[in-house]
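Source file upload.txt; content: compact mmCIF, C-alpha atoms.
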```txt
# COMPACT_ATOMS: atom_id res chain seq x y z
CA MET P 25 -7.32 -20.90 -11.03
CA ALA P 26 -7.55 -23.39 -13.89
CA SER P 27 -8.13 -22.30 -17.45
CA GLY P 28 -11.23 -24.49 -17.55
CA THR P 29 -13.03 -22.42 -14.97
CA THR P 30 -16.55 -21.45 -16.03
CA ARG P 31 -17.50 -17.85 -16.77
CA GLY P 32 -19.73 -17.68 -13.70
CA GLY P 33 -17.03 -19.25 -11.55
CA LEU P 34 -14.39 -16.77 -12.72
CA ILE P 35 -16.62 -13.79 -12.05
CA ALA P 36 -17.54 -15.18 -8.65
CA ALA P 37 -13.86 -15.69 -7.86
CA ALA P 38 -13.08 -12.12 -8.86
CA VAL P 39 -15.89 -10.80 -6.68
CA THR P 40 -14.70 -12.96 -3.80
CA VAL P 41 -11.19 -11.54 -4.12
CA VAL P 42 -12.46 -7.96 -4.11
CA CYS P 43 -14.73 -8.60 -1.13
CA ALA P 44 -11.96 -10.33 0.80
CA VAL P 45 -9.56 -7.46 0.30
CA THR P 46 -12.27 -4.94 1.16
CA VAL P 47 -12.90 -6.72 4.45
CA LEU P 48 -9.18 -6.90 5.22
CA ALA P 49 -8.75 -3.20 4.52
CA ALA P 50 -11.93 -2.03 6.27
CA PRO P 51 -11.31 0.60 8.94
CA GLY P 52 -13.39 -1.44 11.37
CA MET P 53 -10.73 -4.13 11.29
CA ALA P 54 -8.05 -1.71 12.44
CA TRP P 55 -7.93 -2.25 16.18
CA ALA P 56 -7.02 0.76 18.19
CA GLY P 57 -7.20 1.40 21.87
CA PRO P 58 -9.37 4.16 23.26
CA ASN P 59 -8.22 7.64 22.43
CA PRO P 60 -7.99 9.62 25.65
CA ALA P 61 -7.84 13.38 25.54
CA PRO P 62 -4.38 14.60 24.55
CA SER P 63 -2.02 15.45 27.33
CA ALA P 64 -0.85 18.99 27.99
CA SER P 65 1.90 18.26 25.50
CA ALA P 66 0.80 17.71 21.93
CA THR P 67 4.36 16.96 20.96
CA PRO P 68 5.51 13.48 20.00
CA ALA P 69 7.84 11.23 21.88
CA PRO P 70 11.08 12.89 22.95
CA GLY P 71 13.91 13.46 20.56
CA THR P 72 15.87 10.39 21.40
CA THR P 73 16.07 7.14 19.56
CA PRO P 74 13.71 4.74 21.29
CA GLY P 75 15.44 2.29 23.60
CA ALA P 76 14.28 -0.22 26.10
CA ALA P 77 14.05 0.87 29.68
CA PRO P 78 16.39 -0.78 32.17
CA GLY P 79 15.14 -4.17 33.14
CA THR P 80 12.72 -4.42 30.22
CA THR P 81 12.82 -5.87 26.74
CA ALA P 82 11.89 -4.06 23.57
CA GLY P 83 8.65 -5.35 22.12
CA ALA P 84 7.28 -6.67 25.39
CA GLY P 85 3.75 -7.97 25.02
CA ALA P 86 0.63 -7.06 26.95
CA GLY P 87 1.09 -7.28 30.65
CA THR P 88 4.35 -5.33 30.76
CA THR P 89 4.75 -3.54 34.09
CA PRO P 90 6.93 -0.58 35.01
CA ALA P 91 9.92 -0.76 37.28
CA PRO P 92 8.84 -1.06 40.93
CA SER P 93 10.14 2.43 41.68
CA LYS P 94 8.01 3.85 38.88
CA ASP P 95 10.93 5.96 37.74
CA LEU P 96 9.21 8.19 35.22
CA GLN P 97 12.24 8.53 32.96
CA ALA P 98 12.39 4.75 32.71
CA VAL P 99 8.65 4.62 32.08
CA ARG P 100 9.00 7.23 29.36
CA ALA P 101 11.79 5.25 27.70
CA GLN P 102 9.71 2.09 27.87
CA LEU P 103 6.69 3.83 26.36
CA ASP P 104 8.91 5.18 23.58
CA THR P 105 10.01 1.64 22.81
CA LEU P 106 6.49 0.22 22.80
CA TYR P 107 5.05 2.94 20.59
CA HIS P 108 8.07 2.82 18.29
CA ASP P 109 7.63 -0.92 17.83
CA ALA P 110 3.94 -0.33 17.15
CA ALA P 111 4.89 2.24 14.49
CA VAL P 112 7.23 -0.23 12.79
CA ALA P 113 4.50 -2.87 12.79
CA THR P 114 2.04 -0.31 11.43
CA ASP P 115 4.33 0.34 8.48
CA ALA P 116 4.47 -3.40 7.84
CA TYR P 117 0.68 -3.61 8.03
CA ASN P 118 0.21 -0.70 5.63
CA ALA P 119 2.73 -2.15 3.17
CA ALA P 120 0.96 -5.51 3.18
CA GLU P 121 -2.38 -3.78 2.71
CA GLU P 122 -1.15 -1.82 -0.30
CA ALA P 123 0.32 -4.96 -1.87
CA ALA P 124 -2.93 -6.84 -1.28
CA LYS P 125 -4.92 -4.12 -3.04
CA LYS P 126 -2.66 -4.32 -6.10
CA GLN P 127 -2.75 -8.12 -6.16
CA SER P 128 -6.53 -8.26 -5.89
CA ALA P 129 -6.82 -5.81 -8.78
CA ALA P 130 -4.43 -7.98 -10.81
CA LEU P 131 -6.53 -11.06 -10.02
CA VAL P 132 -9.72 -9.37 -11.17
CA GLU P 133 -8.04 -8.30 -14.41
CA LEU P 134 -6.74 -11.82 -15.00
CA ALA P 135 -10.22 -13.23 -14.39
CA ARG P 136 -11.59 -10.86 -17.03
CA LYS P 137 -8.90 -11.93 -19.48
CA ILE P 138 -9.69 -15.58 -18.86
CA VAL P 139 -13.41 -15.00 -19.46
CA LYS P 140 -12.72 -13.14 -22.70
CA GLY P 141 -10.16 -15.77 -23.73
CA ARG P 142 -12.62 -18.62 -23.20
CA GLU P 143 -15.26 -16.79 -25.24
CA ARG P 144 -12.74 -16.25 -28.04
CA LEU P 145 -11.64 -19.87 -27.87
CA ALA P 146 -15.23 -21.07 -28.21
CA GLU P 147 -15.71 -18.81 -31.24
CA LEU P 148 -12.52 -20.08 -32.88
CA LYS P 149 -13.48 -23.70 -32.27
CA THR P 150 -16.85 -23.07 -33.91
CA ARG P 151 -15.17 -21.55 -36.93
CA ALA P 152 -12.65 -24.39 -37.11
CA GLY P 153 -15.48 -26.91 -36.95
CA ALA P 154 -17.30 -25.15 -39.77
CA ALA P 155 -14.16 -25.23 -41.92
CA ALA P 156 -13.72 -28.94 -41.25
CA ALA P 157 -17.34 -29.61 -42.13
CA ALA P 158 -17.00 -27.71 -45.39
CA GLN P 159 -13.96 -29.77 -46.32
CA TYR P 160 -15.87 -32.96 -45.53
CA ARG P 161 -18.73 -31.94 -47.82
CA THR P 162 -16.32 -31.64 -50.77
CA GLY P 163 -15.48 -35.29 -50.30
CA GLY P 164 -11.86 -34.60 -49.60
CA LEU P 165 -10.98 -35.21 -53.26
CA PRO P 166 -7.74 -33.79 -54.65
CA ASP P 167 -7.89 -30.71 -56.90
CA GLU P 168 -7.03 -32.78 -60.00
CA ALA P 169 -10.11 -34.95 -59.51
CA HIS P 170 -12.37 -31.92 -59.02
CA LEU P 171 -11.00 -30.48 -62.29
CA LEU P 172 -11.75 -33.67 -64.25
CA LEU P 173 -15.24 -34.04 -62.77
CA SER P 174 -16.22 -30.41 -63.11
CA ASP P 175 -18.85 -29.48 -65.72
CA ASN P 176 -17.25 -26.04 -65.97
CA PRO P 177 -13.43 -26.30 -65.71
CA GLN P 178 -13.00 -22.52 -66.06
CA GLU P 179 -15.29 -21.90 -63.10
CA PHE P 180 -13.26 -24.42 -61.08
CA LEU P 181 -10.01 -22.70 -62.01
CA ASP P 182 -11.46 -19.33 -61.01
CA GLY P 183 -12.40 -20.78 -57.64
CA THR P 184 -8.96 -22.21 -57.03
CA GLY P 185 -7.72 -18.82 -55.82
CA ARG P 186 -10.53 -18.66 -53.34
CA VAL P 187 -9.67 -22.14 -52.12
CA LEU P 188 -6.06 -21.14 -51.53
CA GLN P 189 -7.21 -18.07 -49.63
CA GLY P 190 -9.47 -20.28 -47.56
CA GLN P 191 -6.60 -22.62 -46.76
CA LYS P 192 -4.47 -19.67 -45.65
CA ALA P 193 -7.31 -18.41 -43.49
CA THR P 194 -7.70 -21.85 -41.96
CA LYS P 195 -4.03 -21.95 -41.04
CA GLY P 196 -4.36 -18.51 -39.45
CA LEU P 197 -7.43 -19.71 -37.57
CA LEU P 198 -5.60 -22.71 -36.17
CA ALA P 199 -2.61 -20.54 -35.17
CA GLU P 200 -4.88 -18.08 -33.32
CA LEU P 201 -6.68 -20.95 -31.62
CA THR P 202 -3.36 -22.37 -30.41
CA GLN P 203 -2.19 -18.96 -29.18
CA THR P 204 -5.47 -18.36 -27.34
CA GLN P 205 -5.13 -21.69 -25.56
CA GLN P 206 -1.57 -20.82 -24.53
CA ASP P 207 -2.68 -17.40 -23.29
CA LEU P 208 -5.37 -18.98 -21.15
CA GLU P 209 -2.84 -21.32 -19.58
CA GLN P 210 -0.54 -18.38 -18.81
CA TYR P 211 -3.39 -16.35 -17.33
CA ALA P 212 -4.24 -19.28 -15.07
CA GLU P 213 -0.62 -19.57 -13.90
CA ASP P 214 -0.42 -15.83 -13.25
CA ALA P 215 -3.67 -15.89 -11.31
CA SER P 216 -2.39 -18.72 -9.14
CA ALA P 217 0.83 -16.80 -8.41
CA GLN P 218 -1.08 -13.61 -7.56
CA TRP P 219 -3.38 -15.55 -5.25
CA GLN P 220 -0.41 -16.98 -3.39
CA LYS P 221 1.04 -13.48 -2.97
CA LEU P 222 -2.32 -12.22 -1.77
CA GLU P 223 -2.46 -14.96 0.84
CA ALA P 224 1.10 -14.22 1.96
CA ASN P 225 0.26 -10.55 2.43
CA ARG P 226 -2.93 -11.42 4.27
CA LYS P 227 -0.83 -13.39 6.75
CA ALA P 228 1.69 -10.55 6.98
CA LYS P 229 -1.12 -8.13 7.79
CA ALA P 230 -2.48 -10.43 10.48
CA LYS P 231 0.96 -10.81 12.04
CA ALA P 232 1.57 -7.06 12.01
CA GLN P 233 -1.87 -6.40 13.44
CA LYS P 234 -1.23 -8.76 16.34
CA ARG P 235 2.07 -7.08 17.12
CA ILE P 236 0.51 -3.60 16.98
CA GLU P 237 -2.22 -4.67 19.35
CA GLN P 238 0.31 -6.16 21.77
CA GLN P 239 2.50 -3.06 21.80
CA ILE P 240 -0.34 -0.60 22.23
CA ALA P 241 -2.02 -2.72 24.89
CA ALA P 242 1.24 -2.93 26.82
CA ALA P 243 1.75 0.84 26.60
CA GLU P 244 -1.80 1.54 27.73
CA GLU P 245 -1.49 -0.86 30.64
CA LEU P 246 1.77 0.77 31.66
CA GLU P 247 0.20 4.23 31.55
CA SER P 248 -2.90 3.06 33.42
CA GLN P 249 -0.76 2.11 36.41
CA LEU P 250 0.40 5.69 36.87
CA GLU P 251 -1.29 8.02 39.31
CA LYS P 252 -2.78 11.27 38.01
CA GLN P 253 0.18 13.32 39.21
CA GLU P 254 2.60 10.85 37.65
CA LYS P 255 0.80 11.11 34.31
CA GLU P 256 0.99 14.89 34.47
CA ARG P 257 4.67 14.74 35.32
CA LEU P 258 5.29 12.24 32.53
CA ALA P 259 3.59 14.57 30.04
CA GLN P 260 5.76 17.41 31.30
CA LEU P 261 8.90 15.31 30.86
CA GLU P 262 7.92 14.51 27.28
CA LYS P 263 7.28 18.18 26.56
CA GLU P 264 10.59 19.25 28.06
CA ALA P 265 12.54 16.59 26.17
CA ALA P 266 10.90 17.61 22.88
CA GLN P 267 11.67 21.29 23.51
CA GLN P 268 15.29 20.53 24.40
CA ALA P 269 15.73 18.48 21.25
CA GLN P 270 14.14 21.22 19.12
CA THR P 271 16.33 23.89 20.68
CA ALA P 272 19.48 21.82 20.15
CA TRP P 273 18.51 21.26 16.52
CA LEU P 274 17.85 24.94 15.88
CA ASP P 275 21.13 25.87 17.61
CA THR P 276 23.02 23.98 14.93
CA GLY P 277 22.02 26.77 12.53
CA VAL P 278 20.51 24.28 10.11
CA LEU P 279 17.74 26.71 9.15
CA LYS P 280 19.90 29.81 8.79
CA GLY P 281 19.48 31.21 5.34
CA ALA P 282 16.79 28.66 4.46
CA GLN P 283 14.30 30.46 2.23
CA GLY P 284 12.63 27.62 0.42
CA LYS P 285 9.08 28.49 -0.56
CA ALA P 286 6.28 26.02 -1.05
CA THR P 287 5.16 25.14 -4.54
CA THR P 288 1.47 25.42 -5.37
CA GLN P 289 1.10 21.70 -4.76
CA GLY P 290 3.17 21.83 -1.58
CA ALA P 291 0.97 24.62 -0.23
CA LYS P 292 -2.12 22.50 -0.92
CA ALA P 293 -0.57 19.57 0.96
CA VAL P 294 0.19 21.82 3.93
CA ARG P 295 -3.36 23.20 3.97
CA PHE P 296 -4.81 19.70 3.93
CA ALA P 297 -2.56 18.41 6.71
CA THR P 298 -3.09 21.38 9.02
CA ALA P 299 -6.84 21.15 8.47
CA GLN P 300 -6.73 17.68 10.08
CA MET P 301 -5.33 18.98 13.36
CA GLY P 302 -7.18 17.61 16.36
CA LYS P 303 -8.19 14.36 14.64
CA PRO P 304 -7.12 11.18 16.48
CA TYR P 305 -4.24 8.94 15.52
CA GLU P 306 -5.30 5.44 14.50
CA TRP P 307 -2.88 2.92 13.07
CA GLY P 308 -3.64 1.89 9.50
CA ALA P 309 -5.93 4.89 8.99
CA GLU P 310 -5.71 7.41 6.17
CA GLY P 311 -8.74 9.56 6.92
CA PRO P 312 -11.06 11.16 6.82
CA LYS P 313 -11.69 10.97 10.59
CA THR P 314 -8.46 9.36 11.82
CA PHE P 315 -4.89 9.07 10.54
CA ASP P 316 -1.60 7.38 11.18
CA CYS P 317 1.59 9.27 10.35
CA SER P 318 2.04 8.14 6.75
CA GLY P 319 -1.70 8.10 6.16
CA LEU P 320 -1.71 11.83 6.88
CA THR P 321 1.25 12.66 4.63
CA SER P 322 0.11 10.46 1.74
CA GLN P 323 -3.40 11.91 1.81
CA ALA P 324 -2.06 15.45 2.11
CA TRP P 325 -0.15 15.06 -1.13
CA ALA P 326 -3.00 13.13 -2.76
CA SER P 327 -5.16 16.20 -2.12
CA ALA P 328 -2.59 18.16 -4.15
CA GLY P 329 -2.84 15.67 -7.01
CA VAL P 330 0.50 13.97 -6.33
CA PRO P 331 0.45 10.28 -5.38
CA VAL P 332 3.14 9.19 -2.91
CA PRO P 333 3.87 5.79 -1.36
CA ARG P 334 1.62 4.80 1.53
CA THR P 335 4.27 4.02 4.15
CA SER P 336 7.02 6.17 5.67
CA GLN P 337 9.65 3.59 4.73
CA GLU P 338 8.60 3.56 1.07
CA GLN P 339 8.36 7.35 1.05
CA TRP P 340 11.98 7.39 2.19
CA LYS P 341 13.02 4.82 -0.42
CA GLN P 342 11.16 6.12 -3.45
CA LEU P 343 10.93 9.91 -3.18
CA PRO P 344 13.80 12.28 -4.10
CA HIS P 345 16.01 13.23 -1.14
CA VAL P 346 16.86 16.85 -0.36
CA ALA P 347 19.22 18.37 2.21
CA VAL P 348 17.61 19.42 5.48
CA GLU P 349 18.84 22.98 5.04
CA ASP P 350 17.15 23.11 1.61
CA MET P 351 13.74 21.83 2.67
CA ARG P 352 10.62 23.82 1.96
CA PRO P 353 7.00 23.65 3.17
CA GLY P 354 5.34 20.49 1.90
CA ASP P 355 8.47 18.36 2.09
CA LEU P 356 8.30 15.19 4.18
CA ILE P 357 10.69 14.71 7.10
CA ILE P 358 11.49 11.08 7.85
CA TYR P 359 12.41 10.16 11.42
CA PHE P 360 14.44 7.44 13.17
CA LYS P 361 17.01 5.14 11.60
CA ASP P 362 14.34 2.70 10.45
CA ALA P 363 12.19 5.43 8.82
CA SER P 364 9.32 4.49 11.10
CA HIS P 365 7.79 7.98 11.36
CA VAL P 366 7.06 10.79 8.93
CA ALA P 367 5.78 14.36 9.20
CA LEU P 368 4.99 17.17 6.81
CA TYR P 369 7.10 20.30 7.08
CA VAL P 370 5.03 23.49 7.30
CA GLY P 371 7.90 25.99 7.60
CA ASP P 372 9.69 27.94 10.34
CA GLY P 373 11.10 24.76 11.86
CA THR P 374 7.64 23.28 12.41
CA ILE P 375 5.94 20.06 11.32
CA VAL P 376 2.40 18.74 11.36
CA HIS P 377 2.07 15.04 12.07
CA ALA P 378 0.03 12.24 13.63
CA PRO P 379 2.28 11.28 16.59
CA ARG P 380 1.05 7.99 18.06
CA PRO P 381 -1.96 6.23 19.62
CA GLY P 382 -3.69 8.38 22.20
CA ARG P 383 -2.62 11.60 20.49
CA THR P 384 -4.09 13.78 17.78
CA VAL P 385 -2.76 15.39 14.62
CA THR P 386 -0.75 18.35 15.85
CA LEU P 387 2.07 20.81 15.24
CA ALA P 388 5.51 20.10 16.68
CA GLY P 389 9.11 21.13 16.34
CA ALA P 390 10.78 19.57 13.31
CA GLY P 391 13.83 18.71 15.42
CA SER P 392 11.92 17.17 18.32
CA MET P 393 12.75 13.69 17.02
CA PRO P 394 15.91 12.33 15.39
CA ILE P 395 15.76 13.20 11.68
CA LEU P 396 16.78 10.57 9.16
CA GLY P 397 16.32 12.85 6.16
CA VAL P 398 13.98 14.85 4.00
CA VAL P 399 12.15 13.78 0.82
CA ARG P 400 10.27 15.86 -1.71
CA PRO P 401 7.07 14.70 -3.45
CA GLY P 402 6.32 16.21 -6.82
CA ALA P 403 9.94 17.24 -7.32
```
This structure in structure tokens:
Amino acid sequence: MASGTTRGGLIAAAVTVVCAVTVLAAPGMAWAGPNPAPSASATPAPGTTPGAAPGTTAGAGAGTTPAPSKDLQAVRAQLDTLYHDAAVATDAYNAAEEAAKKQSAALVELARKIVKGRERLAELKTRAGAAAAAQYRTGGLPDEAHLLLSDNPQEFLDGTGRVLQGQKATKGLLAELTQTQQDLEQYAEDASAQWQKLEANRKAKAKAQKRIEQQIAAAEELESQLEKQEKERLAQLEKEAAQQAQTAWLDTGVLKGAQGKATTQGAKAVRFATAQMGKPYEWGAEGPKTFDCSGLTSQAWASAGVPVPRTSQEQWKQLPHVAVEDMRPGDLIIYFKDASHVALYVGDGTIVHAPRPGRTVTLAGAGSMPILGVVRPGA
């Protein structure tokens, strides 16, 4: 964006940036497969770190087929991998979206500064031109000559002070004019850099979106090849695995003696999150009708007046960490080694979360998935 851009052009560019980001972030752009009714188990994927099923590769694209024997444990493992990869890509998409929002806002602000700077520059040039014209009208004679030619030498001497003040003002005018020109050049450079970042994040979003679509499509195709009884059995296996993981976690005694009570803000976050139960998961969504995992937790805390990072990975990086045994309702539990999932702790060893595509916001055991750690908003 050059400093010589017209006022109308700068405003149009700012509007274009805002519109472009709005389109990129529009919920309608977030592809999601159909949301079938939840299975008998509302729990998330089993409490094991996702791994590729035998004979398959993690991140397989659309068209992935199950093992010929349709071994349901292998199918479950493969589905875990596909949905896990989709969750990782969703975090990347959300991160790029948040960065794009900030960059578009920065571009609009820079455009405003450039418009104001150009208006100020025009004003300064007008004033500088007037000063030059005034000097020309005096004939450019030296002060000594004006003194000799003056009919009233005393009046001339009295005006000398005003002349000196005028010269000082002129120097200040020229300095401000130079600084304004330099500011405009810097604004233009900054705008160009922000635009390049915006474009990079747009490409990152598109790449993440494609990967999400591939992973979800592959998972849906895999599930569509199962018979009704196989689907029911698969749901039962998921439920059993989640219960076993939860039981094993509780048996460690991690919650013994835990008496952490929710703060006022934490209680508000819990009320918001639990009020969303039954709403479908949709990647990239943060309400009000659909949510992904970090969309739910970030909006829950926003409802309590506490902003938190948009993605589970940034929530893990930026929020204060607390020991699992010290967690209290409202804390966020981060899951898997790559921090690809997050839930909100509601107390008594229970979480509320948005599990994955095809599921709805639900309650589950806090230990039903491998816990990476716990973070505390508003600490």
List the spatial neighbours of region 359-371 of chain P as a PyMOL selection string - criterion: any atom at most 9 Å away, only C-alpha atoms, same-chain residues fewer than 5 positions off excluded.
chain P and resi 72-74+108-109+111-115+284-286+291+293-294+297-298+317-318+320-321+324+335-340+351-354+376-379+387+390+393-398
Just checking: using all atoms listed in the file, which residue out of P:Val132, P:Gly141, P:Ala152, P:Ala272 ends up closest to Gly196 (chain P)?
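Smallest separation from Gly196 (chain P) among the options: P:Ala152.
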Check the smallest atom-to-atom distance from each of P:Asp316, P:Glu213, P:Glu349, P:Glu251 to Arg334 (chain P) using all atoms listed in the file, then report the winner.
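Checking each candidate against Arg334 (chain P), we get P:Asp316 as the closest.
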So which residues touch Trp273 (chain P) within 8 Å, counting only C-alpha atoms, skipping near sequence neighbours fewer than 4 positions away, as a list of chain:residue names?
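After dropping sequence-adjacent residues, the list is P:Ala269, P:Gly277, P:Val278, P:Gly391, P:Ser392.
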Can you work out the spacing between CA of Gln289 (chain P) and CA of Phe315 (chain P) in Å, to one decimal?
20.7 Å
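CA of Asp355 (chain P) to CA of Leu343 (chain P) spans 10.3 Å [interatomic distance, one decimal].
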Go ahead and compute the interatomic distance for CA of Ala212 (chain P) and CA of Leu198 (chain P), in Å to one decimal.
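Between CA of Ala212 (chain P) and CA of Leu198 (chain P) the gap works out to 21.4 Å.
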Nearest to Met301 (chain P), chosen from P:Arg151, P:Lys140, P:Lys263, P:Arg383, with only C-alpha atoms counted in the distances
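Closest to Met301 (chain P) of all the choices is P:Arg383.
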Distance criterion (all atoms listed in the file): nearest to Trp325 (chain P) out of P:Ala123, P:Ala299, P:Leu246, P:Leu356
P:Leu356
So, with all atoms listed in the file as the atoms that count, which of P:Lys125, P:Glu209, P:Thr105, P:Leu96 lies closest to Lys137 (chain P)?
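Smallest separation from Lys137 (chain P) among the options: P:Glu209.
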Name all residues at most 12 Å from region 204-208 of chain P (count all atoms listed in the file; drop same-chain ones fewer than 2 positions away) and give them as a ChimeraX atom specification.
/P:25-29,134-149,197-202,210-215
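Residue nearest Thr386 (chain P), chosen from P:Pro331, P:Gln267, P:Lys229, P:Lys303 and counting all atoms listed in the file: P:Lys303.
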Mind rebuilding region 225-238 of chain P with N, CA and C atoms and writing that out as a PDB file, keeping the file's coordinate frame?
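After the write, rebuild_33.pdb holds the following:
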```pdb
ATOM      1  N   ASN P 225       0.442 -11.883   1.871  1.00  0.00           N
ATOM      2  CA  ASN P 225       0.260 -10.550   2.430  1.00  0.00           C
ATOM      3  C   ASN P 225      -0.861 -10.501   3.441  1.00  0.00           C
ATOM      4  N   ARG P 226      -1.869 -11.339   3.266  1.00  0.00           N
ATOM      5  CA  ARG P 226      -2.930 -11.420   4.270  1.00  0.00           C
ATOM      6  C   ARG P 226      -2.352 -11.897   5.601  1.00  0.00           C
ATOM      7  N   LYS P 227      -1.471 -12.889   5.540  1.00  0.00           N
ATOM      8  CA  LYS P 227      -0.830 -13.390   6.750  1.00  0.00           C
ATOM      9  C   LYS P 227       0.098 -12.340   7.355  1.00  0.00           C
ATOM     10  N   ALA P 228       0.802 -11.605   6.483  1.00  0.00           N
ATOM     11  CA  ALA P 228       1.690 -10.550   6.980  1.00  0.00           C
ATOM     12  C   ALA P 228       0.895  -9.466   7.687  1.00  0.00           C
ATOM     13  N   LYS P 229      -0.269  -9.122   7.146  1.00  0.00           N
ATOM     14  CA  LYS P 229      -1.120  -8.130   7.790  1.00  0.00           C
ATOM     15  C   LYS P 229      -1.591  -8.609   9.160  1.00  0.00           C
ATOM     16  N   ALA P 230      -1.991  -9.878   9.220  1.00  0.00           N
ATOM     17  CA  ALA P 230      -2.480 -10.430  10.480  1.00  0.00           C
ATOM     18  C   ALA P 230      -1.377 -10.441  11.536  1.00  0.00           C
ATOM     19  N   LYS P 231      -0.166 -10.791  11.112  1.00  0.00           N
ATOM     20  CA  LYS P 231       0.960 -10.810  12.040  1.00  0.00           C
ATOM     21  C   LYS P 231       1.280  -9.407  12.536  1.00  0.00           C
ATOM     22  N   ALA P 232       1.289  -8.439  11.620  1.00  0.00           N
ATOM     23  CA  ALA P 232       1.570  -7.060  12.010  1.00  0.00           C
ATOM     24  C   ALA P 232       0.479  -6.520  12.916  1.00  0.00           C
ATOM     25  N   GLN P 233      -0.761  -6.866  12.615  1.00  0.00           N
ATOM     26  CA  GLN P 233      -1.870  -6.400  13.440  1.00  0.00           C
ATOM     27  C   GLN P 233      -1.737  -6.926  14.876  1.00  0.00           C
ATOM     28  N   LYS P 234      -1.384  -8.186  15.005  1.00  0.00           N
ATOM     29  CA  LYS P 234      -1.230  -8.760  16.340  1.00  0.00           C
ATOM     30  C   LYS P 234      -0.128  -8.042  17.121  1.00  0.00           C
ATOM     31  N   ARG P 235       0.968  -7.755  16.440  1.00  0.00           N
ATOM     32  CA  ARG P 235       2.070  -7.080  17.120  1.00  0.00           C
ATOM     33  C   ARG P 235       1.679  -5.657  17.513  1.00  0.00           C
ATOM     34  N   ILE P 236       0.973  -4.958  16.643  1.00  0.00           N
ATOM     35  CA  ILE P 236       0.510  -3.600  16.980  1.00  0.00           C
ATOM     36  C   ILE P 236      -0.369  -3.641  18.214  1.00  0.00           C
ATOM     37  N   GLU P 237      -1.307  -4.556  18.218  1.00  0.00           N
ATOM     38  CA  GLU P 237      -2.220  -4.670  19.350  1.00  0.00           C
ATOM     39  C   GLU P 237      -1.469  -4.944  20.646  1.00  0.00           C
ATOM     40  N   GLN P 238      -0.471  -5.821  20.576  1.00  0.00           N
ATOM     41  CA  GLN P 238       0.310  -6.160  21.770  1.00  0.00           C
ATOM     42  C   GLN P 238       1.063  -4.930  22.287  1.00  0.00           C
TER      43      GLN P 238
END
```
